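Participant: File follows, my_file_39.pdb with PDB, C-alpha atoms:
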ATOM      1  CA  MET A 151     -91.865  59.155 142.523
ATOM      2  CA  SER A 152     -89.403  58.357 139.819
ATOM      3  CA  TYR A 153     -86.128  56.541 140.244
ATOM      4  CA  ASP A 154     -82.653  57.272 138.980
ATOM      5  CA  ILE A 155     -82.290  54.104 136.938
ATOM      6  CA  GLN A 156     -82.007  52.863 133.397
ATOM      7  CA  ILE A 157     -83.783  49.742 132.169
ATOM      8  CA  THR A 158     -82.106  48.158 129.173
ATOM      9  CA  ARG A 159     -83.397  45.151 127.305
ATOM     10  CA  GLN A 160     -80.479  43.025 126.132
ATOM     11  CA  SER A 161     -80.041  41.321 122.806
ATOM     12  CA  LEU A 162     -79.869  37.545 122.493
ATOM     13  CA  ASN A 163     -77.183  35.535 124.245
ATOM     14  CA  ALA A 164     -75.858  32.090 123.479
ATOM     15  CA  LEU A 165     -77.247  29.953 126.297
ATOM     16  CA  PHE A 166     -76.822  26.266 127.056
ATOM     17  CA  ASP A 167     -78.556  24.366 129.828
ATOM     18  CA  LEU A 168     -76.297  21.703 131.316
ATOM     19  CA  LYS A 169     -77.389  18.936 133.657
ATOM     20  CA  GLY A 170     -75.408  16.110 135.145
ATOM     21  CA  ALA A 171     -72.771  15.397 137.763
ATOM     22  CA  SER A 172     -69.983  17.963 137.738
ATOM     23  CA  ALA A 173     -67.332  15.352 136.968
ATOM     24  CA  ALA A 174     -69.315  14.090 133.981
ATOM     25  CA  ILE A 175     -69.807  17.594 132.584
ATOM     26  CA  GLU A 176     -66.160  18.550 133.096
ATOM     27  CA  SER A 177     -65.100  15.351 131.412
ATOM     28  CA  TRP A 178     -67.363  15.971 128.399
ATOM     29  CA  ALA A 179     -66.917  19.730 128.009
ATOM     30  CA  GLY A 180     -63.162  19.752 128.501
ATOM     31  CA  ASN A 181     -61.859  23.302 128.243
ATOM     32  CA  ALA A 182     -64.880  24.611 126.320
ATOM     33  CA  LEU A 183     -66.268  25.991 129.579
ATOM     34  CA  PRO A 184     -64.847  27.803 132.593
ATOM     35  CA  ASN A 185     -64.249  25.746 135.730
ATOM     36  CA  LEU A 186     -67.577  24.662 137.186
ATOM     37  CA  PRO A 187     -68.557  26.919 140.102
ATOM     38  CA  ASP A 188     -68.340  24.855 143.269
ATOM     39  CA  GLN A 189     -70.619  27.060 145.371
ATOM     40  CA  PRO A 190     -74.405  26.999 144.854
ATOM     41  CA  ASN A 191     -75.777  30.060 143.048
ATOM     42  CA  SER A 192     -72.389  31.363 141.938
ATOM     43  CA  ARG A 193     -70.668  31.901 138.613
ATOM     44  CA  THR A 194     -67.330  31.585 136.917
ATOM     45  CA  GLU A 195     -66.062  33.164 133.700
ATOM     46  CA  LYS A 196     -63.424  32.440 131.094
ATOM     47  CA  GLU A 197     -62.925  34.172 127.751
ATOM     48  CA  ALA A 198     -66.415  35.732 127.641
ATOM     49  CA  VAL A 199     -68.099  32.427 128.534
ATOM     50  CA  GLU A 200     -69.909  32.511 131.869
ATOM     51  CA  LEU A 201     -71.137  29.515 133.805
ATOM     52  CA  TYR A 202     -73.937  29.789 136.360
ATOM     53  CA  HIS A 203     -74.537  27.105 139.023
ATOM     54  CA  ILE A 204     -78.289  27.436 139.369
ATOM     55  CA  GLY A 205     -79.372  24.107 140.849
ATOM     56  CA  ARG A 206     -78.163  20.743 142.051
ATOM     57  CA  ASP A 207     -76.200  19.277 139.115
ATOM     58  CA  HIS A 208     -77.579  22.088 136.966
ATOM     59  CA  TRP A 209     -75.715  24.901 135.198
ATOM     60  CA  ILE A 210     -76.304  27.512 132.511
ATOM     61  CA  ALA A 211     -73.492  28.502 130.146
ATOM     62  CA  ARG A 212     -73.747  31.990 128.631
ATOM     63  CA  ALA A 213     -71.704  33.595 125.904
ATOM     64  CA  PRO A 214     -72.142  36.356 123.312
ATOM     65  CA  VAL A 215     -74.553  35.194 120.619
ATOM     66  CA  GLY A 216     -71.776  35.376 118.042
ATOM     67  CA  GLN A 217     -70.089  32.466 119.817
ATOM     68  CA  GLU A 218     -73.175  30.253 119.773
ATOM     69  CA  GLU A 219     -72.190  28.041 116.871
ATOM     70  CA  ALA A 220     -68.619  27.663 118.032
ATOM     71  CA  LEU A 221     -69.692  26.809 121.573
ATOM     72  CA  GLU A 222     -72.264  24.318 120.316
ATOM     73  CA  ALA A 223     -69.619  22.686 118.145
ATOM     74  CA  ARG A 224     -67.417  22.233 121.195
ATOM     75  CA  LEU A 225     -70.178  21.079 123.569
ATOM     76  CA  LYS A 226     -71.718  18.695 121.003
ATOM     77  CA  PRO A 227     -75.159  18.501 122.679
ATOM     78  CA  ASN A 228     -76.429  15.876 120.236
ATOM     79  CA  ASP A 229     -73.594  13.488 120.987
ATOM     80  CA  CYS A 230     -73.220  13.849 124.749
ATOM     81  CA  PRO A 231     -73.325  10.731 126.940
ATOM     82  CA  ALA A 232     -76.478   9.590 128.719
ATOM     83  CA  ASP A 233     -75.416  10.968 132.102
ATOM     84  CA  VAL A 234     -75.085  14.507 130.693
ATOM     85  CA  SER A 235     -77.788  16.725 129.215
ATOM     86  CA  ILE A 236     -76.868  19.773 127.142
ATOM     87  CA  VAL A 237     -79.624  21.800 125.508
ATOM     88  CA  ARG A 238     -79.315  25.069 123.600
ATOM     89  CA  ILE A 239     -81.769  27.524 125.160
ATOM     90  CA  SER A 240     -80.613  30.789 123.614
ATOM     91  CA  ASP A 241     -84.133  31.742 122.518
ATOM     92  CA  THR A 242     -85.804  31.036 125.855
ATOM     93  CA  LEU A 243     -84.564  33.859 128.099
ATOM     94  CA  THR A 244     -84.822  37.631 127.782
ATOM     95  CA  PHE A 245     -82.246  39.651 129.719
ATOM     96  CA  PHE A 246     -82.693  43.098 131.208
ATOM     97  CA  ARG A 247     -80.254  45.380 132.938
ATOM     98  CA  VAL A 248     -81.452  47.647 135.725
ATOM     99  CA  THR A 249     -78.678  50.128 136.398
ATOM    100  CA  GLY A 250     -78.291  53.391 138.229
ATOM    101  CA  SER A 251     -77.965  54.685 141.761
ATOM    102  CA  GLN A 252     -81.405  53.416 142.778
ATOM    103  CA  ALA A 253     -81.310  50.052 141.017
ATOM    104  CA  GLY A 254     -81.370  48.271 144.369
ATOM    105  CA  GLU A 255     -84.586  50.044 145.370
ATOM    106  CA  VAL A 256     -86.322  48.981 142.178
ATOM    107  CA  MET A 257     -85.129  45.410 142.577
ATOM    108  CA  ALA A 258     -86.506  45.466 146.111
ATOM    109  CA  ILE A 259     -89.939  46.155 144.600
ATOM    110  CA  ALA A 260     -89.538  43.356 142.095
ATOM    111  CA  CYS A 261     -88.137  40.476 144.109
ATOM    112  CA  PRO A 262     -87.866  39.255 147.712
ATOM    113  CA  LEU A 263     -84.109  38.572 147.730
ATOM    114  CA  ASP A 264     -81.834  40.393 150.126
ATOM    115  CA  LEU A 265     -79.589  42.117 147.582
ATOM    116  CA  HIS A 266     -77.256  43.838 150.036
ATOM    117  CA  ASP A 267     -73.559  43.328 149.294
ATOM    118  CA  SER A 268     -73.112  41.129 152.349
ATOM    119  CA  GLN A 269     -75.778  38.693 151.160
ATOM    120  CA  PHE A 270     -75.611  38.997 147.371
ATOM    121  CA  GLY A 271     -72.049  39.242 146.162
ATOM    122  CA  ASP A 272     -70.608  40.059 142.768
ATOM    123  CA  ASP A 273     -70.405  36.390 141.792
ATOM    124  CA  THR A 274     -73.906  35.492 142.989
ATOM    125  CA  VAL A 275     -76.421  34.364 140.407
ATOM    126  CA  THR A 276     -79.678  32.743 141.356
ATOM    127  CA  TYR A 277     -83.205  32.042 140.298
ATOM    128  CA  THR A 278     -85.822  33.832 142.359
ATOM    129  CA  ASP A 279     -89.335  35.244 142.245
ATOM    130  CA  LEU A 280     -89.560  38.466 140.222
ATOM    131  CA  PHE A 281     -93.021  40.018 139.925
ATOM    132  CA  GLY A 282     -94.344  36.491 140.546
ATOM    133  CA  LEU A 283     -92.262  34.964 137.746
ATOM    134  CA  LYS A 284     -89.215  32.741 137.883
ATOM    135  CA  ALA A 285     -86.230  34.918 137.055
ATOM    136  CA  LEU A 286     -82.462  34.679 137.036
ATOM    137  CA  VAL A 287     -80.878  37.569 138.948
ATOM    138  CA  MET A 288     -77.246  38.638 139.147
ATOM    139  CA  ARG A 289     -75.140  41.741 139.540
ATOM    140  CA  CYS A 290     -73.705  43.688 136.638
ATOM    141  CA  LYS A 291     -71.769  46.936 136.404
ATOM    142  CA  ASP A 292     -73.738  49.671 138.210
ATOM    143  CA  GLY A 293     -76.734  47.470 138.929
ATOM    144  CA  TYR A 294     -78.444  44.179 138.347
ATOM    145  CA  GLU A 295     -79.142  41.916 135.450
ATOM    146  CA  LEU A 296     -82.199  39.710 135.277
ATOM    147  CA  ALA A 297     -83.458  37.087 132.864
ATOM    148  CA  ILE A 298     -86.989  35.857 132.494
ATOM    149  CA  GLU A 299     -88.742  33.428 130.209
ATOM    150  CA  GLN A 300     -88.753  35.027 126.778
ATOM    151  CA  SER A 301     -92.524  35.246 126.339
ATOM    152  CA  PHE A 302     -92.806  37.372 129.506
ATOM    153  CA  GLY A 303     -90.319  39.946 128.208
ATOM    154  CA  ASP A 304     -92.812  42.615 127.212
ATOM    155  CA  MET A 305     -94.795  42.131 130.404
ATOM    156  CA  VAL A 306     -91.766  42.478 132.675
ATOM    157  CA  GLU A 307     -90.617  45.523 130.729
ATOM    158  CA  ASP A 308     -94.027  47.041 131.443
ATOM    159  CA  TYR A 309     -93.877  46.008 135.124
ATOM    160  CA  LEU A 310     -90.465  47.664 135.489
ATOM    161  CA  ALA A 311     -91.682  50.809 133.772
ATOM    162  CA  ARG A 312     -94.717  50.995 136.072
ATOM    163  CA  ALA A 313     -92.608  50.298 139.167
ATOM    164  CA  THR A 314     -90.334  53.189 138.318
ATOM    165  CA  ALA A 315     -92.872  55.662 136.959
TER     166      ALA A 315
ATOM    167  CA  MET B 144     -93.835  35.703 155.582
ATOM    168  CA  MET B 145     -91.990  32.421 155.955
ATOM    169  CA  LEU B 146     -88.332  31.881 155.164
ATOM    170  CA  ILE B 147     -88.057  28.305 153.981
ATOM    171  CA  PRO B 148     -84.642  26.608 154.164
ATOM    172  CA  CYS B 149     -83.769  25.214 150.750
ATOM    173  CA  PRO B 150     -80.942  22.659 150.954
ATOM    174  CA  PHE B 151     -79.307  24.180 147.850
ATOM    175  CA  CYS B 152     -80.036  27.915 148.137
ATOM    176  CA  GLY B 153     -80.408  28.486 151.886
ATOM    177  CA  LYS B 154     -83.299  30.412 153.419
ATOM    178  CA  ARG B 155     -85.645  31.884 150.810
ATOM    179  CA  ASN B 156     -88.962  33.696 150.824
ATOM    180  CA  GLU B 157     -92.026  31.471 150.679
ATOM    181  CA  SER B 158     -93.135  33.211 147.452
ATOM    182  CA  GLU B 159     -90.418  31.237 145.647
ATOM    183  CA  PHE B 160     -92.005  27.949 146.726
ATOM    184  CA  ILE B 161     -95.093  25.927 145.889
ATOM    185  CA  PHE B 162     -96.737  23.891 148.616
ATOM    186  CA  GLY B 163     -96.554  20.174 147.889
ATOM    187  CA  GLY B 164     -98.945  18.927 150.559
ATOM    188  CA  PRO B 165     -98.343  17.127 153.834
ATOM    189  CA  VAL B 166     -96.115  14.103 154.026
ATOM    190  CA  VAL B 167     -98.446  11.150 154.232
ATOM    191  CA  ALA B 168     -97.981   7.550 155.245
ATOM    192  CA  ALA B 169     -96.611   5.133 152.705
ATOM    193  CA  ARG B 170     -99.255   3.700 150.367
ATOM    194  CA  PRO B 171    -100.585   0.488 151.917
ATOM    195  CA  ASP B 172    -101.392  -2.619 149.926
ATOM    196  CA  PRO B 173    -105.128  -2.168 149.279
ATOM    197  CA  ASN B 174    -105.607  -5.935 149.485
ATOM    198  CA  ALA B 175    -103.973  -6.159 152.874
ATOM    199  CA  VAL B 176    -105.898  -3.431 154.744
ATOM    200  CA  SER B 177    -109.530  -3.029 155.720
ATOM    201  CA  ASP B 178    -111.882  -0.827 153.709
ATOM    202  CA  ALA B 179    -111.893   1.712 156.546
ATOM    203  CA  GLU B 180    -108.085   1.860 156.622
ATOM    204  CA  TRP B 181    -107.964   2.231 152.844
ATOM    205  CA  VAL B 182    -110.537   5.044 152.851
ATOM    206  CA  GLU B 183    -108.651   6.742 155.665
ATOM    207  CA  TYR B 184    -105.411   6.549 153.675
ATOM    208  CA  LEU B 185    -107.113   8.013 150.601
ATOM    209  CA  THR B 186    -109.092  10.806 152.219
ATOM    210  CA  ILE B 187    -107.622  11.846 155.573
ATOM    211  CA  ALA B 188    -104.729  14.293 155.334
ATOM    212  CA  PRO B 189    -102.602  15.018 158.412
ATOM    213  CA  ASN B 190    -103.933  18.226 159.951
ATOM    214  CA  PRO B 191    -102.566  18.499 163.481
ATOM    215  CA  LEU B 192    -102.597  21.481 165.800
ATOM    216  CA  GLY B 193     -98.823  21.729 166.036
ATOM    217  CA  PRO B 194     -95.899  20.393 163.998
ATOM    218  CA  VAL B 195     -96.770  18.882 160.632
ATOM    219  CA  GLN B 196     -94.358  17.520 158.047
ATOM    220  CA  GLU B 197     -94.813  19.128 154.629
ATOM    221  CA  LYS B 198     -93.328  18.950 151.152
ATOM    222  CA  TRP B 199     -92.391  22.143 149.330
ATOM    223  CA  TRP B 200     -91.092  22.701 145.802
ATOM    224  CA  HIS B 201     -88.589  25.495 145.141
ATOM    225  CA  ALA B 202     -90.334  26.170 141.846
ATOM    226  CA  ARG B 203     -89.096  29.746 141.361
ATOM    227  CA  GLY B 204     -85.630  28.831 142.551
ATOM    228  CA  CYS B 205     -83.370  25.852 142.053
ATOM    229  CA  GLY B 206     -86.186  23.342 141.534
ATOM    230  CA  GLU B 207     -85.383  21.301 144.636
ATOM    231  CA  TRP B 208     -88.085  19.381 146.514
ATOM    232  CA  LEU B 209     -87.707  19.538 150.278
ATOM    233  CA  THR B 210     -89.440  18.483 153.455
ATOM    234  CA  ILE B 211     -89.897  20.675 156.503
ATOM    235  CA  TRP B 212     -91.711  20.526 159.804
ATOM    236  CA  ARG B 213     -94.013  23.539 160.251
ATOM    237  CA  ASP B 214     -95.944  24.406 163.399
ATOM    238  CA  THR B 215     -99.509  25.105 162.252
ATOM    239  CA  ARG B 216    -100.105  27.421 165.237
ATOM    240  CA  THR B 217     -97.221  29.798 164.556
ATOM    241  CA  HIS B 218     -95.983  29.036 161.002
ATOM    242  CA  ASP B 219     -92.555  28.570 162.549
ATOM    243  CA  ILE B 220     -90.370  25.977 160.888
ATOM    244  CA  VAL B 221     -89.405  23.680 163.723
ATOM    245  CA  GLU B 222     -87.273  20.675 164.487
ATOM    246  CA  ALA B 223     -88.793  17.279 163.852
ATOM    247  CA  PRO B 224     -90.615  16.064 166.972
ATOM    248  CA  ASN B 225     -88.879  13.345 168.947
ATOM    249  CA  GLY B 226     -89.153  10.020 167.210
ATOM    250  CA  SER B 227     -89.878  11.560 163.809
ATOM    251  CA  GLU B 228     -87.604  11.706 160.802
TER     252      GLU B 228
END
If you convert what's in this file into structure tokens, what do you get?
Facilitator:
Amino acid sequence: MSYDIQITRQSLNALFDLKGASAAIESWAGNALPNLPDQPNSRTEKEAVELYHIGRDHWIARAPVGQEEALEARLKPNDCPADVSIVRISDTLTFFRVTGSQAGEVMAIACPLDLHDSQFGDDTVTYTDLFGLKALVMRCKDGYELAIEQSFGDMVEDYLARATA
Amino acid sequence: MMLIPCPFCGKRNESEFIFGGPVVAARPDPNAVSDAEWVEYLTIAPNPLGPVQEKWWHARGCGEWLTIWRDTRTHDIVEAPNGSE
């Protein structure tokens, strides 16, 4: 059977991996980032910059690729103190959008998460298992957005196409 | 299927985790134990019929390492037996 969905491969994003205690990161980043999400596996957003809380003392900042240089200039990853780690990882993740009325059914094939509204809200973002790979999953308009390690991009695109054929 | 309780993410499918082996006794001083005790420490892994304490790595999740007690007869994740941590 075929599904009523669209699979869209996204262009590059500006991505920064941030590690450290929340107070240390807030102190260093100042107002360059949104407020740090206080709940595990949630996100906050400010002026097109999103912040994902994806592990203990671990966040990912995401912005349009056009803001990469400006965000890097504000985060100063090469000058940050020893208790904070900031690494630009824009090239490491490939994003896909799975949208359409049956996006949830396709995601149910791909990953074991319970993606019902009551369990996976609009601000939820989490790493999980997607076709056996580590993948970042979140909601987007009309569906879901997922990110996998860049070198698996073609393979996951093929997996999604086969799952929906 | 097991749902493993991650301290950061909550209950998650076992496919997100990698088994890290049973929790074993602390490494003894090889000069302070007999040869038999040393060989036992090196080669004998806990393998009870019942609750066993195990390490798991949330490798396809938040990256947390965690310890659970699993009943080898049922795969249920259980409370630590009395007297255990």
Participant: Counting all atoms listed in the file, which residues of chain A fall within 9 Å of chain B, and what is the closest atom pair for each with its distance in Å at one decimal, ordered by chain and rising number, as JSON lines?
Facilitator:
{"residue": "A:Pro190", "atom": "CA", "partner": "B:Phe151", "partner_atom": "CA", "distance": 6.4}
{"residue": "A:Asn191", "atom": "CA", "partner": "B:Cys152", "partner_atom": "CA", "distance": 7.0}
{"residue": "A:Ile204", "atom": "CA", "partner": "B:Cys205", "partner_atom": "CA", "distance": 6.0}
{"residue": "A:Gly205", "atom": "CA", "partner": "B:Cys205", "partner_atom": "CA", "distance": 4.5}
{"residue": "A:Arg206", "atom": "CA", "partner": "B:Phe151", "partner_atom": "CA", "distance": 6.8}
{"residue": "A:His208", "atom": "CA", "partner": "B:Cys205", "partner_atom": "CA", "distance": 8.6}
{"residue": "A:Pro262", "atom": "CA", "partner": "B:Asn156", "partner_atom": "CA", "distance": 6.5}
{"residue": "A:Leu263", "atom": "CA", "partner": "B:Arg155", "partner_atom": "CA", "distance": 7.5}
{"residue": "A:Thr276", "atom": "CA", "partner": "B:Gly204", "partner_atom": "CA", "distance": 7.2}
{"residue": "A:Tyr277", "atom": "CA", "partner": "B:Gly204", "partner_atom": "CA", "distance": 4.6}
{"residue": "A:Thr278", "atom": "CA", "partner": "B:Gly204", "partner_atom": "CA", "distance": 5.0}
{"residue": "A:Asp279", "atom": "CA", "partner": "B:Glu159", "partner_atom": "CA", "distance": 5.4}
{"residue": "A:Leu280", "atom": "CA", "partner": "B:Arg203", "partner_atom": "CA", "distance": 8.8}
{"residue": "A:Gly282", "atom": "CA", "partner": "B:Ser158", "partner_atom": "CA", "distance": 7.7}
{"residue": "A:Leu283", "atom": "CA", "partner": "B:Arg203", "partner_atom": "CA", "distance": 7.1}
{"residue": "A:Lys284", "atom": "CA", "partner": "B:Arg203", "partner_atom": "CA", "distance": 4.6}
{"residue": "A:Ala285", "atom": "CA", "partner": "B:Arg203", "partner_atom": "CA", "distance": 7.3}
{"residue": "A:Leu286", "atom": "CA", "partner": "B:Gly204", "partner_atom": "CA", "distance": 8.6}
Participant: I would like the residues chosen by the PyMOL selection byres ((chain A and resi 243) around 8) on the shown file; could you give them as an mmCIF file with C-alpha atoms, in the frame of the given file?
Facilitator:
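Full text of part-v6.cif as output:
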data_model
loop_
_atom_site.group_PDB
_atom_site.id
_atom_site.type_symbol
_atom_site.label_atom_id
_atom_site.label_comp_id
_atom_site.auth_asym_id
_atom_site.auth_seq_id
_atom_site.Cartn_x
_atom_site.Cartn_y
_atom_site.Cartn_z
ATOM 1 C CA ILE A 239 -81.769 27.524 125.160
ATOM 2 C CA SER A 240 -80.613 30.789 123.614
ATOM 3 C CA ASP A 241 -84.133 31.742 122.518
ATOM 4 C CA THR A 242 -85.804 31.036 125.855
ATOM 5 C CA THR A 244 -84.822 37.631 127.782
ATOM 6 C CA PHE A 245 -82.246 39.651 129.719
ATOM 7 C CA ALA A 297 -83.458 37.087 132.864
ATOM 8 C CA ILE A 298 -86.989 35.857 132.494
ATOM 9 C CA GLU A 299 -88.742 33.428 130.209
ATOM 10 C CA GLN A 300 -88.753 35.027 126.778
#
Participant: In Å, with one decimal, what is the gap from atom CA of Ala173 of chain A to atom CA of Asp207 of chain A?
Facilitator: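 Value for the atom CA of Ala173 of chain A-atom CA of Asp207 of chain A distance: 9.9 Å.
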Participant: Atom CA of Val167 of chain B and atom CA of Val182 of chain B are how many Å apart?
Facilitator: 13.6 Å
Participant: With distances taken over all atoms listed in the file, which residue among A:Leu186, A:Ile175, A:Gly293, A:Ala315 lies nearest Gln252 of chain A?
Facilitator: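 So, comparing all the options, the nearest one is A:Gly293.
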Participant: Would you list the contacts of Ala260 of chain A as a short mmCIF file (atom, residue, chain, number, x, y, z; two decimals) with C-alpha atoms, keeping the file's coordinate frame, taking every protein, DNA or RNA residue within 8 Å and counting only C-alpha atoms, but skipping same-chain residues closer than 3 positions in sequence?
Facilitator:
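Output file selection_38.cif is given in full below:
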data_model
loop_
_atom_site.label_atom_id
_atom_site.label_comp_id
_atom_site.auth_asym_id
_atom_site.auth_seq_id
_atom_site.Cartn_x
_atom_site.Cartn_y
_atom_site.Cartn_z
CA VAL A 256 -86.32 48.98 142.18
CA MET A 257 -85.13 45.41 142.58
CA LEU A 280 -89.56 38.47 140.22
CA PHE A 281 -93.02 40.02 139.93
CA LEU A 310 -90.46 47.66 135.49
#
Participant: As an exercise, work out the distance from atom CA of Trp209 of chain A to atom CA of Phe162 of chain B in Å and give it to one decimal place.
Facilitator: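 These two atoms are separated by 25.0 Å.
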Participant: Taking the file above as input, evaluate the PyMOL selection byres ((chain A and resi 170) around 12) and report the hits as a ChimeraX atom specification.
Facilitator: /A:167-169,171-179,186,203,205-210,230-237
Participant: Determine the residue membership of the PyMOL selection byres ((chain B and resi 196) around 7) for the file above and supply it as a list in words.
Facilitator: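 Taken on the displayed file, the PyMOL selection byres ((chain B and resi 196) around 7) yields the residues Pro165, Val166, Pro194, Val195, Glu197, Thr210, Ile211, Trp212 and Arg213 of chain B.
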Participant: Gln217 of chain A: which residues within 9 Å, counting all atoms listed in the file, same-chain residues fewer than 3 positions away excluded, as a PyMOL selection string?
Facilitator: chain A and resi 163-164+199+213-214+220-222
Participant: Excluding Glu255 of chain A and residues on its chain fewer than 4 positions from it, collect all residues at most 10 Å away from it, counting all atoms listed in the file, and give them as a list in words.
Facilitator: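 Selected residues are Tyr153, Asp154, Ile155, Ser251, Ile259, Ala260, Leu265 and Thr314 of chain A.
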Participant: List the neighbours of Glu183 of chain B out to 12 Å using all atoms listed in the file; skip same-chain residues closer than 5 positions along the sequence, and give me the result as a list of chain:residue names.
Facilitator: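 Within the cut-off, the hits are B:Val167, B:Ala168, B:Arg170, B:Pro171, B:Pro173, B:Val176, B:Ser177, B:Asp178, B:Ala188, B:Pro189.
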Participant: For segment 192-194 of chain A, please output as a PyMOL selection string all residues within 10 Å (counting all atoms listed in the file; exclusion window: fewer than 6 positions along the same chain).
Facilitator: chain A and resi 183-186+200-204+209-211+270-276+288
Participant: How big is the axis-aligned box around all listed atoms of segment 203-207 of chain A once 3 Å goes on each side, and where's its centre, in Å to one decimal, as AutoDock Vina command-line options?
Facilitator:
--center_x -77.0 --center_y 23.4 --center_z 140.5 --size_x 10.8 --size_y 14.2 --size_z 9.0
